[in-house]
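> One structure follows; several queries about it will come next.
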Amino acid sequence: MILAGRINANIMQAIGQIAETEWNSGLAEVIAYRDAVLVAQRRLCAYCKRRVYRNEVGFRELDHILPKAQNPRKKLNGVRASSNDKKYRRHTTGYPQFMYNPENLVIACKRCNGFKGSYDALADRSQYPVNYPALSNQFEWIHPYHDEWSLHIKLVATFLYAAVDASPKGTAVIHACGLDKAEELTKRLFEDYVDESEELVDGMMALIHSREPFDTREAAERFARVYGKDPEAIRTCLIDLQAAKAGGSEVLARALDTVSIELGEAGRAILPVAVAAAQGDGAVV
Ligand SMILES: [Zn+2]
């Protein structure tokens with residue numbers, strides 16, 4: 001689904017007219033825009049297509065497709081910042097001139113947003129743009145206003161991501177959003193078990209990876225109290241995590257059993273690594 005034309009023109013226009021000094025996330029125009037984008041995106045993250053929940057940062061913040069500024073933790077290297085080489089794309093001067101351009105704003109989940117960071121997806125970075133690029137081929141990225149996600153990325157076995165026909169746009173999004181990283185995929189998979197609470201999953205993963213022995217019932221009840229979840233669902237998840245760490249891959253196997261889709265090349269390649277991550281070595285693809 002392409003976003004262009006799916007958001008009310010008046011709402012688009014209103015956001016384009018807000019001056020930089022006036023912009024804040026509580027402005028009525030910004031709230032209206034964010035809500036309209038979320039509905040147009042069917043409440044799915046623009047990049048991984050998982051549900052974006054109200055309590056996620058991804059709901060409250062809009063992702064800038066072209067980064068608004070350089071990464072403050074990365075010393076700017078001008079040669080690298082104008083290079084089209086993939087490995088230098090986190091070096092960027094940023095595009096403050098497009099910060100409030102509605103076509104540069106989409107909603108992404110917290111995990112994708114965090115991974116993407118300052119990734120610069122302008123196709124030809126040797127030409128610094130004055131006007132916002134209006135064409136799909138000016139981005140080496142799935143631009144939600146121009147590109148149909150499903151023509152570039154497919155979900156395999158519900159939680160693995162593969163580029164359709166080696167699509168360069170699909171490959172770029174998968175890589176920059178961490179959708180090819182086993183630890184990430186494993187966390188996202190477990191989030192589905194426990195109603196998408198990222199903090200809870202991070203807490204459970206930390207417990208599993210710690211060397212301290214623990215009682216699953218007691219731990220599940222503790223997590224359930226903090227996060228208001230069903231202790232039995234959490235306990236099942238903890239037991240699955242322990243099994244995965246102990247050498248089995250039961251939890252992943254179960255997820256795969258629930259679908260009849262045959263694993264593609266990408267899925268076959270990533271599965272052992274996903275299992276390895278659940279077992280605790282944190283390996284990445
Ligand atoms: Zn996402």
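Every chain in the structure tokens has a letter given in the order shown (A, B, ...), and although residue numbers restart at 1 in each chain, ligands are simply numbered from 1 in the order shown.
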Would you mind listing the residues within 7 Å of ligand 1, counting only C-alpha atoms and all ligand atoms, as an NGL selection string?
:A and (45-50 or 108-113)
> As a PyMOL selection string, please: every residue in region 54-162 of chain A that a backbone DSSP assignment puts in strand (DSSP E).
chain A and resi 63-64+105-106+153-156+160-162
> Between A:Lys229, A:Leu185, A:Ile7, A:Tyr132, which has the minimum distance to Leu155 (chain A) (counting only C-alpha atoms)?
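Checking each of A:Lys229, A:Leu185, A:Ile7, A:Tyr132 against Leu155 (chain A), counting only C-alpha atoms, the winner is A:Leu185.
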> Go ahead and compute the interatomic distance for CA of Ile31 (chain A) and CA of Ala69 (chain A), in Å to one decimal.
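A separation of 22.5 Å between them.
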> Region 54-111 of chain A: which residues are alpha helix (DSSP H) by DSSP, as number ranges by chain?
A: 57-60, 78-81, 110-111
> Counting only C-alpha atoms, what is within 12 Å of Gln97 (chain A), bar same-chain residues fewer than 5 positions away, as a list in words?
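Returned residues: Gly16, Ala19, Glu20, His64, Leu66, Pro67, Lys68, Ala69, Pro102, Asn104, Tyr128, Pro129, Val130, Asn131, Tyr132 and Pro133 of chain A.
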> Compile the contact shell of Ser150 (chain A) as a compact mmCIF listing (two decimals) with N, CA and C atoms, in the first residue's frame: residues with an atom at most 10 Å away, counting only C-alpha atoms, same-chain residues fewer than 5 positions apart removed.

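Written output follows (part-v5.txt):
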```txt
# COMPACT_ATOMS: atom_id res chain seq x y z
N MET A 1 0.83 -1.18 0.00
CA MET A 1 0.00 0.00 0.00
C MET A 1 0.89 1.26 0.00
N ILE A 142 12.75 1.72 0.46
CA ILE A 142 11.32 1.64 0.18
C ILE A 142 10.69 2.92 0.74
N LEU A 155 7.54 -11.53 4.06
CA LEU A 155 7.70 -12.18 5.36
C LEU A 155 7.72 -13.68 5.11
N ALA A 163 14.24 -10.19 0.88
CA ALA A 163 14.01 -9.24 -0.22
C ALA A 163 13.37 -10.00 -1.38
N VAL A 164 12.34 -9.42 -1.98
CA VAL A 164 11.69 -10.04 -3.14
C VAL A 164 12.61 -9.91 -4.35
N GLY A 170 14.48 -3.39 -0.94
CA GLY A 170 14.12 -4.30 0.16
C GLY A 170 15.34 -4.67 0.99
```
> Show me, as number ranges by chain, the residues that have an atom within 10 Å of Asp124 (chain A) when counting only C-alpha atoms, minus same-chain residues fewer than 2 positions from it.
A: 82-85, 121-122, 126-129, 137-140
> Ranking A:Leu62, A:Ile234, A:Ile107, A:Ala172 by minimum distance to Lys87 (chain A) and counting only C-alpha atoms, which one comes first?
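So, comparing all the options, the nearest one is A:Ala172.
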